[in-house]
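Single-structure report; data block below.
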Protein chains: 2
Amino acid sequence: MEKLTKILAQIQTVDFSLAEAAQSRLDNLTKPQASLGRLEELAKQVVLITGTLTPCLEKKVIFTMAGDHGVCEEGVSLFSTDVTPQMVYNFIRGKAGINVLANHTGAKVIVVDMGVAIDLEPQPGLVIKKVGYGTKNISNGPAMSRDEAILCIERGIEAFEQELEANGLDICGCGDMGIGNTTPSSAIVAAITGAAIEEITGRGTGIGDTAWLKKVAVIKNALAINQPDPTDGIDVLAKVGGFEIGGLCGMILASAANRKPVVIDGFISTAAALIAYLLKPVAIQYMIAGHASVERGQQAALRMMGIHPVLDLQMRLGEGTGAALAMGIVDAGVKILTQMATFGEAGVSEANR
Amino acid sequence: MEKLTKILAQIQTVDFSLAEAAQSRLDNLTKPQASLGRLEELAKQVVLITGTLTPCLEKKVIFTMAGDHGVCEEGVSLFSTDVTPQMVYNFIRGKAGINVLANHTGAKVIVVDMGVAIDLEPQPGLVIKKVGYGTKNISNGPAMSRDEAILCIERGIEAFEQELEANGLDICGCGDMGIGNTTPSSAIVAAITGAAIEEITGRGTGIGDTAWLKKVAVIKNALAINQPDPTDGIDVLAKVGGFEIGGLCGMILASAANRKPVVIDGFISTAAALIAYLLKPVAIQYMIAGHASVERGQQAALRMMGIHPVLDLQMRLGEGTGAALAMGIVDAGVKILTQMATFGEAGVSEANR
């Protein structure tokens, strides 16, 4: 708990003293004021986060965290749990969706084993932070103990800090892999926001109506049996969460503590962000909602945190794919701020007002 | 007219024979089916356009076309017409919004003088296709003659073909520069779609209520005086259009004729696309709506053409900025198709269905 307590204390409000200077620069660039919309807002947010008027987002990292879920024995997913380690190997070989999109954006992918059900071959490109061999089935009791919940958050913090120290990092994004993990994510969002289960339960990898009804029943049951305390993020994570979700929560908190912008991916990452927000509300200032997921539960979580997705491409893959694409847009916004000429520099006449 | 007639004849339907093979490849990639949403749709569209299952969008070009507008004497813009050539020089020096975003995406910017009101210094990076020194004031009569309308479309075709022949081109985007050009764009969209002028007239560079009311009156007047024929794209362009709008229309048609995807930027480019669509409806299969502009008139045009924007970043700058960002997303979609592993290749178990 010491590491988590320290990180939480380290997260402070962003540097609002630069807001006026950033806005003034943006308003003096050779374009009608505010005409680059969201790009300008993102640039300003990055200025406040990093504390410099000339940020540079060269070192981009996506943390893709993996874990298994005991609740899969209830038949909540279309895929077998074998797929979690198979996909981890696919990530390491660089052939999955996240690899393609991270390459496209110029981001590095760090794959973290937070709780895959089998032992994975140690190898370059794989960070082992395993807290357990998959969670327990949340429809029978808690996913993990309170100590394990704290441990997975702390191991997520470690994964971030090790990369920051070893290679440096300007912006990061979060991503997940874990067959069955929309089920705990729905349970987390329902527990914290109070939204109706039916409203925040989606189709995951693409289940049909019968499986969806089963999934809703499983989540209702999990909440009824576990009674997570909606004001205690660690309790929610322990009772209905997942190891990769805890790891992502830790990584998000570490990013905020180190004043680095963090791009949240889809539903699972948003559930992790919601726990981080509950543990330290001001951490929200460091978060950028990358994309609107097809998984409907994400909306309730984003609404509670008051953040709006950069992209809406009807995606629902996870892995950090939405975060990777959105990171490119954030970088574009920062380049607008730092690379465009002002009216004065370019000798362009300003608007008549 | 010969060049235009030839290009229109050359535009044929995309190659639907590849649709099944493209869908099958997408469905076999290591992800739940359709989970990359719009990226997969874009990849498929590019396959059909280019006629290959392994497209590569390496050579990206944005054509930013400039022209002046006689209607500016009615006070429809916040900026003086001096700004059109000043911004052209800013583009050539590489310091404008479009340069920053095109660089970010890996696209080249080709600046085309279609009808700037003064003579510009010939220099590398500037293509001179000037049809006139600004249009005439559309509130008094036609913007240009019918012959000039055909000529600016044909010069837009030339600009595209010269770049294709000289350097090759895999995908292009369109962009505009022309103080006052939301006014002719609104007139074009109103004339063709029949939408109410108030519904399709926006704030342009940021005019206030009084100037907006004036702008609405100017557009109503322009349509009443000129009576453009809504079924004849050339007539609409001649009576209430602009030289850069005609150039963009030609460039879009040339892209379709040469089976290259073309990303449409914001409101002005969408007005140009609408004229292209009117001249050859099947050209729509080659177009990708880059982004939703803040300029409200764009929606009516997109609705008529049945295409949906890739991005919504509340932008309204023009120049090709939205097209440049969207081009990055299209490229990402194509890389998903061509670079991701299939279940078989990666040894990942498929879904249980």
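Simple scheme: letters A, B, ... for chains in structure tokens order, numbers from 1 for residues in each chain, numbers from 1 for ligands in the order shown.
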Could you give me, as a tab-separated table, a per-residue list for chain A showing, wherever an atom lies at most 8 Å from an atom of chain B, the closest pair of atoms and their distance in Å to one decimal, using only C-alpha atoms and sorting by chain then residue number from low to high?
```
residue	atom	partner	partner_atom	distance
A:Thr30	CA	B:Ala96	CA	6.5
A:Lys31	CA	B:Leu317	CA	6.7
A:Pro32	CA	B:Thr205	CA	5.4
A:Gln33	CA	B:Gly206	CA	7.7
A:Ser35	CA	B:Arg316	CA	4.9
A:Leu36	CA	B:Met315	CA	4.6
A:Gly37	CA	B:Gln314	CA	4.7
A:Arg38	CA	B:Leu313	CA	5.1
A:Leu39	CA	B:Leu313	CA	7.1
A:Leu78	CA	B:Ala351	CA	5.4
A:Phe79	CA	B:Ala351	CA	4.7
A:Ser80	CA	B:Ala351	CA	7.4
A:Asp82	CA	B:Ser349	CA	7.4
A:Val83	CA	B:Ser349	CA	6.1
A:Gln86	CA	B:Val348	CA	5.5
A:Met87	CA	B:Val348	CA	6.7
A:Asn90	CA	B:Ala346	CA	6.2
A:Lys95	CA	B:Met340	CA	5.1
A:Ala96	CA	B:Met340	CA	5.5
A:Gly97	CA	B:Met340	CA	6.1
A:Val100	CA	B:Ile336	CA	6.3
A:Leu101	CA	B:Ala332	CA	6.4
A:His104	CA	B:Ala332	CA	6.4
A:Thr205	CA	B:Pro32	CA	5.4
A:Gly206	CA	B:Pro32	CA	7.1
A:Val310	CA	B:Leu313	CA	7.1
A:Leu311	CA	B:Leu311	CA	6.6
A:Asp312	CA	B:Leu311	CA	7.3
A:Leu313	CA	B:Arg38	CA	5.1
A:Gln314	CA	B:Gly37	CA	4.7
A:Met315	CA	B:Leu36	CA	4.6
A:Arg316	CA	B:Ser35	CA	4.9
A:Leu317	CA	B:Ser35	CA	5.2
A:Leu325	CA	B:Ile329	CA	7.6
A:Ile329	CA	B:Leu325	CA	7.6
A:Ala332	CA	B:Leu101	CA	6.4
A:Lys335	CA	B:Val100	CA	6.7
A:Ile336	CA	B:Val100	CA	6.3
A:Gln339	CA	B:Val100	CA	6.6
A:Met340	CA	B:Lys95	CA	5.1
A:Ala341	CA	B:Lys95	CA	5.2
A:Ala346	CA	B:Asn90	CA	6.2
A:Gly347	CA	B:Gln86	CA	7.1
A:Val348	CA	B:Gln86	CA	5.5
A:Ser349	CA	B:Val83	CA	6.1
A:Glu350	CA	B:Phe79	CA	6.9
A:Ala351	CA	B:Phe79	CA	4.7
A:Asn352	CA	B:Leu78	CA	5.5
A:Arg353	CA	B:Leu78	CA	7.2
```
Neighbours of Asp235 in chain B within 12 Å (only C-alpha atoms; same-chain residues fewer than 3 positions away dropped), as a PyMOL selection string? chain B and resi 142-150+188+191-192+223+226-232+238-242+246+275+278-279
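Distance check against Val334 in chain B using only C-alpha atoms: of B:Leu57, B:Ala22, B:Ala187, B:Ala9, the minimum falls on B:Leu57.
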Write out as a list of chain:residue names which residues come within 9 Å of Thr193 in chain B when counting only C-alpha atoms, dropping same-chain ones fewer than 6 positions away. B:Pro230, B:Ala300, B:Ala301, B:Met304
Output all heavy atoms for every residue in that selection, as a short mmCIF file (atom, residue, chain, number, x, y, z; two decimals), in the first residue's frame.
```cif
data_model
loop_
_atom_site.label_atom_id
_atom_site.label_comp_id
_atom_site.auth_asym_id
_atom_site.auth_seq_id
_atom_site.Cartn_x
_atom_site.Cartn_y
_atom_site.Cartn_z
N PRO B 230 -30.45 23.52 -60.53
CA PRO B 230 -29.97 22.54 -59.53
C PRO B 230 -29.59 21.19 -60.13
O PRO B 230 -29.02 20.35 -59.43
CB PRO B 230 -31.16 22.39 -58.57
CG PRO B 230 -32.34 22.88 -59.30
CD PRO B 230 -31.86 23.90 -60.29
N ALA B 300 -26.03 18.99 -44.95
CA ALA B 300 -27.02 18.79 -46.02
C ALA B 300 -26.37 18.17 -47.25
O ALA B 300 -26.94 17.29 -47.89
CB ALA B 300 -27.68 20.12 -46.38
N ALA B 301 -25.16 18.62 -47.55
CA ALA B 301 -24.46 18.09 -48.73
C ALA B 301 -24.07 16.63 -48.50
O ALA B 301 -24.26 15.78 -49.38
CB ALA B 301 -23.22 18.93 -49.02
N MET B 304 -27.10 14.39 -48.78
CA MET B 304 -27.53 14.15 -50.16
C MET B 304 -26.64 13.09 -50.82
O MET B 304 -27.12 12.24 -51.59
CB MET B 304 -27.47 15.43 -50.97
CG MET B 304 -28.05 15.27 -52.38
SD MET B 304 -28.22 16.88 -53.17
CE MET B 304 -28.89 16.37 -54.76
#
```
Residue neighbourhood Gln299 in chain A, 12 Å, only C-alpha atoms, exclusion window fewer than 2 positions, as a PyMOL selection string: chain A and resi 186+189-190+193+195+199-202+266-268+270-271+274+289+291-297+301-309
How would the residues just picked look written out with N, CA and C atoms as a compact mmCIF listing (two decimals), in the first residue's frame?
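Listing of selection_5.txt after writing:
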```
# COMPACT_ATOMS: atom_id res chain seq x y z
N SER A 186 -18.18 -4.08 -16.89
CA SER A 186 -19.58 -3.66 -16.69
C SER A 186 -19.92 -3.64 -15.21
N VAL A 189 -18.37 -0.50 -13.63
CA VAL A 189 -19.05 0.74 -14.01
C VAL A 189 -20.43 0.81 -13.34
N ALA A 190 -21.12 -0.33 -13.29
CA ALA A 190 -22.43 -0.35 -12.63
C ALA A 190 -22.27 -0.04 -11.14
N THR A 193 -21.07 3.89 -10.90
CA THR A 193 -21.97 4.93 -11.41
C THR A 193 -23.42 4.72 -10.96
N ALA A 195 -25.46 2.96 -12.62
CA ALA A 195 -26.27 2.78 -13.84
C ALA A 195 -26.89 1.38 -13.86
N GLU A 199 -28.19 -1.34 -19.11
CA GLU A 199 -27.72 -0.17 -19.85
C GLU A 199 -26.22 -0.20 -20.10
N ILE A 200 -25.48 -0.90 -19.26
CA ILE A 200 -24.03 -0.82 -19.39
C ILE A 200 -23.42 -2.18 -19.75
N THR A 201 -24.27 -3.10 -20.16
CA THR A 201 -23.75 -4.40 -20.62
C THR A 201 -23.85 -4.49 -22.13
N GLY A 202 -22.72 -4.74 -22.76
CA GLY A 202 -22.69 -4.79 -24.22
C GLY A 202 -22.49 -6.21 -24.73
N GLY A 266 -10.70 1.97 -24.75
CA GLY A 266 -12.14 1.74 -24.77
C GLY A 266 -12.74 1.38 -23.42
N PHE A 267 -13.63 0.40 -23.42
CA PHE A 267 -14.45 0.15 -22.23
C PHE A 267 -13.64 -0.35 -21.04
N ILE A 268 -12.79 -1.33 -21.25
CA ILE A 268 -12.03 -1.89 -20.12
C ILE A 268 -11.09 -0.84 -19.53
N THR A 270 -11.49 2.33 -19.70
CA THR A 270 -12.31 3.37 -19.06
C THR A 270 -12.76 2.91 -17.68
N ALA A 271 -13.04 1.62 -17.53
CA ALA A 271 -13.38 1.09 -16.20
C ALA A 271 -12.18 1.25 -15.26
N LEU A 274 -11.91 4.81 -14.30
CA LEU A 274 -12.95 5.18 -13.32
C LEU A 274 -12.50 4.84 -11.90
N ALA A 289 -9.81 10.91 -23.11
CA ALA A 289 -10.62 9.77 -23.56
C ALA A 289 -10.35 9.56 -25.05
N HIS A 291 -11.30 7.15 -27.47
CA HIS A 291 -12.36 6.90 -28.46
C HIS A 291 -13.63 6.40 -27.79
N ALA A 292 -14.73 6.61 -28.49
CA ALA A 292 -16.02 6.10 -28.03
C ALA A 292 -16.12 4.65 -28.45
N SER A 293 -16.23 3.77 -27.49
CA SER A 293 -16.34 2.34 -27.78
C SER A 293 -17.76 1.99 -28.18
N VAL A 294 -17.90 0.92 -28.93
CA VAL A 294 -19.22 0.37 -29.22
C VAL A 294 -19.83 -0.20 -27.93
N GLU A 295 -18.96 -0.61 -26.99
CA GLU A 295 -19.44 -1.14 -25.71
C GLU A 295 -20.15 -0.01 -24.95
N ARG A 296 -21.45 -0.15 -24.80
CA ARG A 296 -22.26 0.96 -24.31
C ARG A 296 -21.94 1.40 -22.89
N GLY A 297 -21.42 0.52 -22.09
CA GLY A 297 -21.14 0.87 -20.69
C GLY A 297 -20.11 1.98 -20.54
N ALA A 301 -19.46 5.73 -17.67
CA ALA A 301 -18.19 6.03 -16.98
C ALA A 301 -17.63 7.36 -17.42
N LEU A 302 -17.64 7.62 -18.72
CA LEU A 302 -17.12 8.89 -19.24
C LEU A 302 -17.96 10.05 -18.73
N ARG A 303 -19.27 9.83 -18.68
CA ARG A 303 -20.17 10.89 -18.20
C ARG A 303 -19.83 11.24 -16.74
N MET A 304 -19.62 10.22 -15.93
CA MET A 304 -19.31 10.49 -14.52
C MET A 304 -18.00 11.27 -14.38
N MET A 305 -17.03 10.96 -15.26
CA MET A 305 -15.74 11.65 -15.18
C MET A 305 -15.74 12.97 -15.94
N GLY A 306 -16.77 13.18 -16.76
CA GLY A 306 -16.87 14.45 -17.50
C GLY A 306 -15.85 14.61 -18.62
N ILE A 307 -15.46 13.50 -19.24
CA ILE A 307 -14.54 13.60 -20.38
C ILE A 307 -15.21 13.04 -21.64
N HIS A 308 -14.74 13.54 -22.79
CA HIS A 308 -15.39 13.22 -24.07
C HIS A 308 -14.39 12.61 -25.03
N PRO A 309 -14.77 11.54 -25.71
CA PRO A 309 -13.83 10.84 -26.59
C PRO A 309 -13.37 11.70 -27.78
```
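Here the helix (DSSP H, G or I) residues in range 101-135 of chain B, by DSSP on the backbone, are Leu101, Ala102, Asn103, His104 and Thr105 of chain B.
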Give me the residues near Ser139 in chain B as a ChimeraX atom specification, where near means some atom within 7 Å (using only C-alpha atoms) and where sequence neighbours in that chain fewer than 3 positions away do not count. /B:71,218,221-222
DSSP strand (DSSP E or B) residues within range 24-148 of chain A, as a tab-separated table (two decimals) with N, CA, C and O atoms, in the first residue's frame:
```
chain	number	residue	atom	x	y	z
A	29	LEU	N	-2.08	32.10	-33.91
A	29	LEU	CA	-1.64	31.30	-35.05
A	29	LEU	C	-2.46	31.69	-36.28
A	29	LEU	O	-3.58	32.18	-36.16
A	60	LYS	N	6.21	7.82	-27.36
A	60	LYS	CA	4.83	7.37	-27.14
A	60	LYS	C	4.85	5.90	-26.75
A	60	LYS	O	5.51	5.10	-27.40
A	61	VAL	N	4.11	5.58	-25.72
A	61	VAL	CA	4.08	4.19	-25.25
A	61	VAL	C	2.65	3.74	-25.00
A	61	VAL	O	1.86	4.47	-24.39
A	62	ILE	N	2.32	2.55	-25.48
A	62	ILE	CA	1.04	1.91	-25.14
A	62	ILE	C	1.35	0.74	-24.22
A	62	ILE	O	2.16	-0.12	-24.55
A	63	PHE	N	0.72	0.74	-23.06
A	63	PHE	CA	0.83	-0.40	-22.14
A	63	PHE	C	-0.38	-1.29	-22.36
A	63	PHE	O	-1.51	-0.89	-22.07
A	64	THR	N	-0.14	-2.47	-22.89
A	64	THR	CA	-1.23	-3.42	-23.10
A	64	THR	C	-1.12	-4.50	-22.03
A	64	THR	O	-0.16	-5.27	-22.00
A	65	MET	N	-2.08	-4.49	-21.13
A	65	MET	CA	-2.01	-5.37	-19.96
A	65	MET	C	-2.99	-6.52	-20.09
A	65	MET	O	-4.15	-6.32	-20.49
A	66	ALA	N	-2.51	-7.71	-19.73
A	66	ALA	CA	-3.32	-8.92	-19.94
A	66	ALA	C	-3.64	-9.63	-18.64
A	66	ALA	O	-2.83	-9.65	-17.70
A	67	GLY	N	-4.83	-10.22	-18.60
A	67	GLY	CA	-5.24	-10.99	-17.43
A	67	GLY	C	-6.41	-11.89	-17.79
A	67	GLY	O	-7.15	-11.60	-18.74
A	107	ALA	N	4.19	4.65	-31.84
A	107	ALA	CA	4.22	4.30	-30.42
A	107	ALA	C	4.80	2.91	-30.22
A	107	ALA	O	4.68	2.04	-31.07
A	108	LYS	N	5.44	2.73	-29.09
A	108	LYS	CA	5.99	1.44	-28.67
A	108	LYS	C	4.90	0.71	-27.88
A	108	LYS	O	4.15	1.34	-27.14
A	109	VAL	N	4.83	-0.60	-28.02
A	109	VAL	CA	3.86	-1.37	-27.25
A	109	VAL	C	4.60	-2.14	-26.16
A	109	VAL	O	5.55	-2.88	-26.46
A	110	ILE	N	4.18	-1.97	-24.92
A	110	ILE	CA	4.74	-2.77	-23.83
A	110	ILE	C	3.65	-3.71	-23.35
A	110	ILE	O	2.57	-3.27	-22.93
A	111	VAL	N	3.92	-4.98	-23.46
A	111	VAL	CA	2.93	-6.00	-23.10
A	111	VAL	C	3.21	-6.44	-21.66
A	111	VAL	O	4.35	-6.80	-21.34
A	112	VAL	N	2.20	-6.39	-20.83
A	112	VAL	CA	2.38	-6.70	-19.41
A	112	VAL	C	1.48	-7.86	-19.02
A	112	VAL	O	0.26	-7.79	-19.20
A	113	ASP	N	2.06	-8.92	-18.51
A	113	ASP	CA	1.27	-10.03	-17.95
A	113	ASP	C	0.90	-9.68	-16.52
A	113	ASP	O	1.72	-9.75	-15.61
A	114	MET	N	-0.35	-9.28	-16.32
A	114	MET	CA	-0.82	-8.94	-14.96
A	114	MET	C	-1.45	-10.14	-14.28
A	114	MET	O	-1.49	-10.21	-13.06
A	115	GLY	N	-1.98	-11.08	-15.09
A	115	GLY	CA	-2.67	-12.19	-14.45
A	115	GLY	C	-3.22	-13.19	-15.45
A	115	GLY	O	-4.36	-13.66	-15.33
A	126	LEU	N	8.08	-8.61	-23.22
A	126	LEU	CA	7.04	-9.02	-22.27
A	126	LEU	C	7.48	-8.67	-20.84
A	126	LEU	O	8.55	-9.07	-20.40
A	127	VAL	N	6.66	-7.91	-20.17
A	127	VAL	CA	6.94	-7.54	-18.78
A	127	VAL	C	6.04	-8.41	-17.89
A	127	VAL	O	4.83	-8.43	-18.06
A	128	ILE	N	6.67	-9.15	-16.99
A	128	ILE	CA	5.87	-10.03	-16.12
A	128	ILE	C	5.61	-9.33	-14.78
A	128	ILE	O	6.53	-9.05	-14.02
```
